[in-house]
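J.: I am sharing model-v7.tsv, which consists of TSV, C-alpha atoms:
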chain	number	residue	atom	x	y	z
N	1	MET	CA	-44.72	15.05	-33.71
N	2	ASP	CA	-46.16	18.58	-33.87
N	3	SER	CA	-44.39	21.71	-32.70
N	4	GLN	CA	-46.05	21.67	-29.26
N	5	GLU	CA	-45.06	18.07	-28.57
N	6	GLN	CA	-41.58	18.86	-29.82
N	7	ALA	CA	-41.35	21.77	-27.38
N	8	VAL	CA	-42.53	19.58	-24.48
N	9	TYR	CA	-40.04	16.91	-25.47
N	10	GLU	CA	-37.18	19.43	-25.59
N	11	SER	CA	-38.24	20.85	-22.22
N	12	ILE	CA	-38.19	17.36	-20.69
N	13	LYS	CA	-34.74	16.76	-22.11
N	14	ILE	CA	-33.48	20.05	-20.68
N	15	VAL	CA	-35.01	19.39	-17.24
N	16	SER	CA	-33.65	15.83	-17.25
N	17	GLY	CA	-30.22	17.14	-18.16
N	18	ILE	CA	-30.30	19.73	-15.38
N	19	VAL	CA	-31.47	17.13	-12.83
N	20	GLY	CA	-28.74	14.77	-14.02
N	21	ILE	CA	-26.09	17.48	-13.67
N	22	ILE	CA	-27.34	18.34	-10.16
N	23	LEU	CA	-27.29	14.65	-9.13
N	24	LEU	CA	-23.83	14.20	-10.60
N	25	TYR	CA	-22.63	17.29	-8.73
N	26	PHE	CA	-23.97	15.95	-5.44
N	27	ILE	CA	-22.47	12.50	-6.06
N	28	ILE	CA	-19.06	14.00	-6.83
N	29	THR	CA	-19.34	16.26	-3.79
N	30	ILE	CA	-20.17	13.30	-1.53
N	31	ILE	CA	-17.28	11.25	-2.93
N	32	ARG	CA	-14.87	14.16	-2.43
N	33	TYR	CA	-16.16	14.68	1.11
N	34	GLN	CA	-15.74	10.99	1.95
N	35	ARG	CA	-12.22	10.94	0.52
N	36	ARG	CA	-11.33	14.08	2.44
N	37	SER	CA	-12.78	12.62	5.65
N	38	LEU	CA	-10.82	9.40	5.13
N	39	ARG	CA	-7.63	11.35	4.47
N	40	LEU	CA	-8.12	13.56	7.54
N	41	ASN	CA	-8.93	10.52	9.69
N	42	LYS	CA	-5.82	8.75	8.42
N	43	GLU	CA	-3.71	11.84	9.13
N	44	LYS	CA	-5.20	12.06	12.62
N	45	ILE	CA	-4.42	8.41	13.35
N	46	GLN	CA	-0.90	8.83	11.97
N	47	ALA	CA	-0.35	11.89	14.17
N	48	GLU	CA	-1.52	9.93	17.23
N	49	ILE	CA	0.78	7.03	16.36
N	50	ASP	CA	3.73	9.38	15.76
N	51	THR	CA	3.11	11.06	19.13
N	52	LEU	CA	2.92	7.68	20.86
N	53	GLU	CA	6.10	6.38	19.20
N	54	ASN	CA	8.01	9.59	19.99
N	55	GLU	CA	6.95	9.37	23.63
N	56	ARG	CA	7.98	5.73	23.76
N	57	LYS	CA	11.35	6.64	22.26
N	58	ARG	CA	11.84	9.44	24.81
N	59	ILE	CA	10.96	7.24	27.79
N	60	ALA	CA	13.14	4.40	26.48
N	61	SER	CA	16.05	6.82	26.11
N	62	ASP	CA	15.55	8.18	29.64
N	63	LEU	CA	15.49	4.67	31.11
N	64	HIS	CA	18.53	3.50	29.16
N	65	ASP	CA	20.70	6.63	29.28
N	66	GLU	CA	19.85	8.06	32.71
N	67	LEU	CA	18.43	5.53	35.17
N	68	GLY	CA	20.63	2.67	33.96
N	69	PRO	CA	23.96	4.45	34.53
N	70	LEU	CA	22.68	5.91	37.81
N	71	LEU	CA	21.84	2.46	39.17
N	72	SER	CA	25.21	1.14	37.98
N	73	ALA	CA	26.92	3.94	39.91
N	74	VAL	CA	24.90	3.10	43.04
N	75	LYS	CA	25.89	-0.55	42.71
N	76	LEU	CA	29.56	0.42	42.37
N	77	GLN	CA	29.39	2.60	45.49
N	78	ILE	CA	27.67	-0.13	47.50
N	79	ASN	CA	30.23	-2.74	46.48
N	80	SER	CA	33.06	-0.38	47.44
N	81	LEU	CA	31.86	-0.14	51.05
N	82	GLU	CA	34.11	-1.72	53.64
N	83	THR	CA	32.36	-4.21	55.88
N	84	VAL	CA	33.34	-5.54	59.28
N	85	SER	CA	30.91	-8.44	59.51
N	86	GLU	CA	29.60	-11.23	57.33
N	87	ASP	CA	26.04	-10.00	57.88
N	88	ASP	CA	26.87	-6.59	56.43
N	89	GLN	CA	28.57	-8.22	53.45
N	90	GLU	CA	25.52	-10.41	52.90
N	91	VAL	CA	23.27	-7.33	52.85
N	92	ILE	CA	25.58	-5.66	50.31
N	93	ASP	CA	25.63	-8.78	48.12
N	94	LYS	CA	21.83	-9.05	48.17
N	95	SER	CA	21.47	-5.33	47.40
N	96	SER	CA	23.86	-5.74	44.47
N	97	VAL	CA	21.78	-8.64	43.12
N	98	HIS	CA	18.58	-6.60	43.46
N	99	ILE	CA	20.16	-3.68	41.59
N	100	ASP	CA	21.25	-6.03	38.81
N	101	SER	CA	17.68	-7.28	38.60
N	102	ILE	CA	16.32	-3.73	38.42
N	103	ILE	CA	18.84	-2.80	35.70
N	104	GLY	CA	17.83	-5.89	33.70
N	105	LYS	CA	14.14	-5.02	34.05
N	106	LEU	CA	14.79	-1.42	32.95
N	107	ARG	CA	16.61	-2.68	29.86
N	108	GLU	CA	13.69	-5.00	29.11
N	109	ILE	CA	11.15	-2.18	29.46
N	110	SER	CA	13.30	0.15	27.37
N	111	ASN	CA	13.62	-2.46	24.63
N	112	ASN	CA	9.87	-3.09	24.59
N	113	LEU	CA	9.22	0.62	24.26
N	114	MET	CA	11.65	1.08	21.35
N	115	PRO	CA	13.79	-1.92	20.43
N	116	ASN	CA	17.32	-0.90	19.50
N	117	THR	CA	17.58	-3.92	17.23
N	118	LEU	CA	14.74	-2.60	15.10
N	119	MET	CA	16.59	0.67	14.60
N	120	ARG	CA	20.01	-0.91	14.03
N	121	LYS	CA	19.39	-4.25	12.31
N	122	GLY	CA	15.90	-4.07	10.86
N	123	LEU	CA	12.54	-5.78	11.21
N	124	LYS	CA	13.47	-9.45	10.76
N	125	LYS	CA	16.14	-9.41	13.46
N	126	ALA	CA	13.91	-7.43	15.85
N	127	ILE	CA	11.04	-9.91	15.42
N	128	SER	CA	13.39	-12.86	15.99
N	129	GLU	CA	14.75	-11.33	19.20
N	130	PHE	CA	11.27	-10.49	20.46
N	131	ILE	CA	10.10	-14.05	19.74
N	132	ASP	CA	13.08	-15.53	21.61
N	133	HIS	CA	12.42	-13.32	24.62
N	134	SER	CA	8.69	-14.16	24.59
N	135	HIS	CA	9.47	-17.88	24.43
N	136	HIS	CA	11.75	-17.70	27.47
N	137	ALA	CA	9.21	-15.62	29.38
N	138	SER	CA	6.04	-17.56	28.50
N	139	GLY	CA	7.03	-20.93	27.02
N	140	LEU	CA	5.03	-20.28	23.84
N	141	GLN	CA	6.55	-22.04	20.84
N	142	VAL	CA	6.76	-19.60	17.92
N	143	LYS	CA	7.90	-20.43	14.38
N	144	PHE	CA	8.92	-17.39	12.36
N	145	ILE	CA	9.17	-17.79	8.58
N	146	CYS	CA	10.62	-15.05	6.41
N	147	ASP	CA	12.97	-16.21	3.66
N	148	GLU	CA	13.46	-12.89	1.88
N	149	GLU	CA	14.83	-9.43	2.54
N	150	LEU	CA	12.26	-6.81	3.46
N	151	ASN	CA	12.80	-3.46	1.77
N	152	LEU	CA	10.59	-1.28	3.96
N	153	ASP	CA	10.90	2.22	5.35
N	154	GLN	CA	11.29	2.74	9.08
N	155	GLN	CA	7.67	3.79	9.62
N	156	GLN	CA	6.41	0.59	7.98
N	157	GLU	CA	8.82	-1.52	10.04
N	158	ILE	CA	7.65	0.11	13.28
N	159	ASN	CA	3.98	-0.42	12.41
N	160	ILE	CA	4.51	-4.07	11.43
N	161	TYR	CA	6.58	-4.72	14.55
N	162	ARG	CA	3.88	-3.22	16.78
N	163	MET	CA	1.19	-5.28	15.02
N	164	LEU	CA	3.07	-8.55	15.54
N	165	GLN	CA	3.87	-7.49	19.09
N	166	GLU	CA	0.14	-7.03	19.73
N	167	ILE	CA	-0.77	-10.38	18.15
N	168	LEU	CA	1.93	-12.20	20.13
N	169	HIS	CA	0.91	-10.55	23.40
N	170	ASN	CA	-2.75	-11.45	22.79
N	171	THR	CA	-1.78	-15.04	22.01
N	172	ILE	CA	0.22	-15.35	25.23
N	173	LYS	CA	-2.31	-13.54	27.42
N	174	HIS	CA	-5.66	-14.76	26.09
N	175	ALA	CA	-5.42	-17.61	23.58
N	176	GLN	CA	-4.12	-20.38	25.89
N	177	ALA	CA	-2.12	-21.52	22.87
N	178	SER	CA	1.04	-23.61	22.86
N	179	TYR	CA	2.09	-22.84	19.29
N	180	LEU	CA	2.11	-19.82	16.98
N	181	ILE	CA	3.26	-19.50	13.38
N	182	ILE	CA	4.26	-16.13	11.90
N	183	LYS	CA	4.98	-15.93	8.17
N	184	ILE	CA	5.98	-12.86	6.14
N	185	MET	CA	6.30	-12.94	2.37
N	186	THR	CA	5.97	-10.66	-0.65
N	187	GLU	CA	3.51	-11.37	-3.44
N	188	GLN	CA	3.64	-9.05	-6.45
N	189	ASN	CA	3.18	-5.57	-4.97
N	190	ARG	CA	1.95	-6.71	-1.56
N	191	LEU	CA	3.55	-7.74	1.70
N	192	LEU	CA	1.62	-10.59	3.30
N	193	ILE	CA	1.72	-11.23	7.05
N	194	MET	CA	0.03	-14.41	8.22
N	195	THR	CA	-0.23	-15.75	11.77
N	196	ALA	CA	-1.97	-18.83	13.15
N	197	ASP	CA	-2.20	-20.27	16.67
N	198	ASN	CA	-3.73	-23.39	18.18
N	199	GLY	CA	-5.50	-21.54	20.98
N	200	LYS	CA	-9.09	-21.39	22.15
N	201	GLY	CA	-10.25	-18.77	19.62
N	202	PHE	CA	-12.50	-15.77	20.29
N	203	ASP	CA	-15.19	-13.50	18.85
N	204	TYR	CA	-13.07	-10.99	16.90
N	205	PHE	CA	-15.80	-8.50	15.98
N	206	GLY	CA	-17.36	-8.75	19.43
N	207	LYS	CA	-14.04	-7.87	21.07
N	208	LEU	CA	-13.63	-4.86	18.77
N	209	LYS	CA	-16.84	-3.42	20.18
N	210	GLU	CA	-15.78	-3.92	23.80
N	211	ASN	CA	-13.40	-1.82	25.85
N	212	SER	CA	-11.34	-4.99	26.27
N	213	GLY	CA	-10.67	-4.85	22.53
N	214	LEU	CA	-8.39	-1.80	22.80
N	215	GLY	CA	-5.38	-3.76	21.56
N	216	LEU	CA	-7.33	-4.95	18.54
N	217	ARG	CA	-8.41	-1.38	17.75
N	218	ASN	CA	-4.77	-0.31	17.92
N	219	LEU	CA	-4.04	-3.13	15.48
N	220	GLN	CA	-6.75	-1.79	13.18
N	221	SER	CA	-5.28	1.73	13.42
N	222	ARG	CA	-1.86	0.49	12.29
N	223	VAL	CA	-3.49	-1.31	9.38
N	224	GLU	CA	-5.45	1.77	8.37
N	225	VAL	CA	-2.50	4.19	8.29
N	226	MET	CA	-0.59	1.78	6.03
N	227	GLY	CA	-3.52	1.49	3.62
N	228	ALA	CA	-3.54	-2.23	4.37
N	229	GLU	CA	-6.28	-4.81	4.87
N	230	ILE	CA	-6.65	-7.23	7.76
N	231	SER	CA	-8.80	-10.31	8.14
N	232	CYS	CA	-9.24	-12.54	11.17
N	233	GLN	CA	-10.61	-16.06	11.24
N	234	SER	CA	-11.29	-17.40	14.70
N	235	GLU	CA	-13.57	-20.08	16.08
N	236	LEU	CA	-13.95	-21.28	19.64
N	237	GLY	CA	-11.64	-24.21	20.15
N	238	LYS	CA	-10.06	-23.88	16.68
N	239	GLY	CA	-7.48	-21.14	17.13
N	240	THR	CA	-7.04	-17.79	15.44
N	241	MET	CA	-5.59	-16.78	12.07
N	242	TYR	CA	-4.70	-13.24	11.00
N	243	THR	CA	-3.90	-12.16	7.45
N	244	VAL	CA	-2.60	-8.66	6.74
N	245	GLU	CA	-2.04	-7.39	3.19
N	246	ILE	CA	0.15	-4.30	2.93
N	247	PRO	CA	0.71	-2.47	-0.38
N	248	ILE	CA	4.41	-1.88	-1.05
Kindly transcribe the structure held in the file into C-alpha cells.

T.:
Amino acid sequence: MDSQEQAVYESIKIVSGIVGIILLYFIITIIRYQRRSLRLNKEKIQAEIDTLENERKRIASDLHDELGPLLSAVKLQINSLETVSEDDQEVIDKSSVHIDSIIGKLREISNNLMPNTLMRKGLKKAISEFIDHSHHASGLQVKFICDEELNLDQQQEINIYRMLQEILHNTIKHAQASYLIIKIMTEQNRLLIMTADNGKGFDYFGKLKENSGLGLRNLQSRVEVMGAEISCQSELGKGTMYTVEIPI
C-alpha cells in the first residue's frame, strides 16, 4: 500500500469513527429521552392516582364523620317525638328504618372509597372482607388463596386492592361468571397475582381501545406505576385469566 492509499485508508477510518461517534451519540440521546419520557409519564400517572386516592379518602371521611353522625342525630330526634296515634307512630318507625338504610348505604360507599380495614389490618383482610360483601351482593362465588404474609408498603397495598376491586367488579358486571379464583403468592423477588373466572370471556385488547375499557385502562395505570407486568388470556365462552407480576 503506497502513501496515497494509506492516506485514503486513514481518512476513511477517521470518517467512519466520526460517523460512529455521531450515531452512538444519537442512540444514547434517544435512549435517555425515552427513559425520561417514561419516568415523567410514570410520575404523571402516580400524581393522578395520588390525587384520586386523596379525594376518595376525603369524601369517605366526610361521609363517615359528618353525614353519619348527623343522620344518627336525626333518627334520635324522630324517635323521641311523642305520638298520639298509631298512624303517626308507624310513620316514625318507617322513617327510622329508612334512616338506618341510608346510614348503612353511606357506610358501604365510604368503605368502597377507602376501606378502613385496608388501613388498619392490611391487604389480605381487606380483600377477604370485600369478597364477602361482593358475594352477598351478587352471589358470585369467590375463592381467595393467599397462604403467606404480604410485606408491602401502603401504596402497593392500595394499588393491588384497587386492581382486584376492578377485576371483581368487571367479573360481576360483564363476565356472567358464577365462580372466580384469586391467588396471591411470592416467587423469588416477585409478587404474583392470578385470577380466573368461568365467564363468557371478551376481547381484552379491543376493550382497551374503546371508551368502555376505562376500567381496564385504570388497571393498566396501576400496573405501570408499580413497574409491574400484566397479561390477560380471554376467549369467548372460556372465561378470563389475569396474571400480574409485581417486583418487590

J.: From the set N:Ile12, N:Ala175, N:Ile158, N:Leu236, which residue has the shortest atom-to-atom contact distance to N:Leu118, counting all atoms listed in the file?

T.: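 Using all atoms listed in the file, N:Leu118 sits closest to N:Ile158.
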
J.: I'd like the interatomic distance between atom CA of N:Lys121 and atom CA of N:Arg107, to a tenth of an Å.

T.: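 Result for atom CA of N:Lys121 versus atom CA of N:Arg107: 17.8 Å, one decimal.
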
J.: Find the spatial neighbours of N:Ala126, counting all atoms listed in the file, within a cut-off of 8 Å - ignore same-chain residues fewer than 4 positions away - and output them as a list in words.

T.: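 Once the nearby chain positions are removed, what remains is Pro115, Thr117, Leu118, Lys121, Gly122, Phe130 and Tyr161 of chain N.
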
J.: Quick one: 6 Å padding each side, axis-aligned, all listed atoms of stretch 105-110 of chain N - centre and edge lengths in Å to one decimal, as JSON?

T.:
{"center_x": 13.9, "center_y": -2.4, "center_z": 30.7, "size_x": 17.5, "size_y": 17.2, "size_z": 18.7}

J.: Choose the residue, out of N:Asn151, N:Ser110, N:Thr195, N:Gln34, that has the smallest atom-to-atom separation from N:Leu67; count all atoms listed in the file.

T.: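 Using all atoms listed in the file, N:Leu67 sits closest to N:Ser110.
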
J.: Which is closer to N:Ile184 than all the others in N:Lys42, N:Leu63, N:Glu245, N:Val74, using all atoms listed in the file?

T.: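 Of N:Lys42, N:Leu63, N:Glu245, N:Val74, the one nearest N:Ile184 is N:Glu245, counting all atoms listed in the file.
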
J.: Go through N:Ser178, N:Ser231, N:Asn79, N:Asn112 one by one, measure the shortest atom-to-atom distance of each to N:Ser96 using all atoms listed in the file, and give the residue with the smallest value.

T.: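 Among the listed residues, N:Asn79 lies closest to N:Ser96.
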
J.: Leaving out N:Gly239 and any residue of its chain fewer than 5 positions from it, which residues lie within 9 Å of it when counting all atoms listed in the file, given as a list in words?

T.: Ala175, Ala177, Ala196, Asp197, Asn198, Gly199, Lys200, Gly201, Phe202, Gln233 and Ser234 of chain N

J.: How many Å lie between atom CA of N:Glu224 and atom CA of N:Asn111, rounded to one decimal?

T.: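 A separation of 25.4 Å between them.
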
J.: How many Å separate atom CA of N:Lys75 from atom CA of N:Ile99?

T.: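 Pair atom CA of N:Lys75 / atom CA of N:Ile99 returns 6.6 Å.
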
J.: Within 12 Å of N:Gln188, counting all atoms listed in the file, which residues qualify if same-chain residues fewer than 3 places away don't, as a PyMOL selection string?

T.: chain N and resi 185+191-192+245-248

J.: Just C-alpha atoms for this one: save the residues we selected as an mmCIF file, keeping the file's coordinate frame.

T.:
data_model
loop_
_atom_site.group_PDB
_atom_site.id
_atom_site.type_symbol
_atom_site.label_atom_id
_atom_site.label_comp_id
_atom_site.auth_asym_id
_atom_site.auth_seq_id
_atom_site.Cartn_x
_atom_site.Cartn_y
_atom_site.Cartn_z
ATOM 1 C CA MET N 185 6.300 -12.940 2.370
ATOM 2 C CA LEU N 191 3.550 -7.740 1.700
ATOM 3 C CA LEU N 192 1.620 -10.590 3.300
ATOM 4 C CA GLU N 245 -2.040 -7.390 3.190
ATOM 5 C CA ILE N 246 0.150 -4.300 2.930
ATOM 6 C CA PRO N 247 0.710 -2.470 -0.380
ATOM 7 C CA ILE N 248 4.410 -1.880 -1.050
#

J.: Quick one: residues within 12 Å of N:Leu76, only C-alpha atoms, excluding same-chain residues fewer than 6 positions away - as a short mmCIF file (atom, residue, chain, number, x, y, z; two decimals) with C-alpha atoms, keeping the file's coordinate frame?

T.:
data_model
loop_
_atom_site.label_atom_id
_atom_site.label_comp_id
_atom_site.auth_asym_id
_atom_site.auth_seq_id
_atom_site.Cartn_x
_atom_site.Cartn_y
_atom_site.Cartn_z
CA PRO N 69 23.96 4.45 34.53
CA LEU N 70 22.68 5.91 37.81
CA ILE N 92 25.58 -5.66 50.31
CA ASP N 93 25.63 -8.78 48.12
CA SER N 95 21.47 -5.33 47.40
CA SER N 96 23.86 -5.74 44.47
CA VAL N 97 21.78 -8.64 43.12
CA ILE N 99 20.16 -3.68 41.59
CA ASP N 100 21.25 -6.03 38.81
#

J.: Using all atoms listed in the file, which of the listed residues (N:Leu168, N:Ile182, N:Glu157, N:Ile131) sits closest to N:Ile145?

T.: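 Using all atoms listed in the file, the shortest distance to N:Ile145 belongs to N:Ile182.
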
J.: So, with all atoms listed in the file as the atoms that count, which of N:Gln77, N:Ser85, N:Ser134, N:Ser72 lies closest to N:Ser101?

T.: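 Closest residue, counting all atoms listed in the file: N:Ser72.
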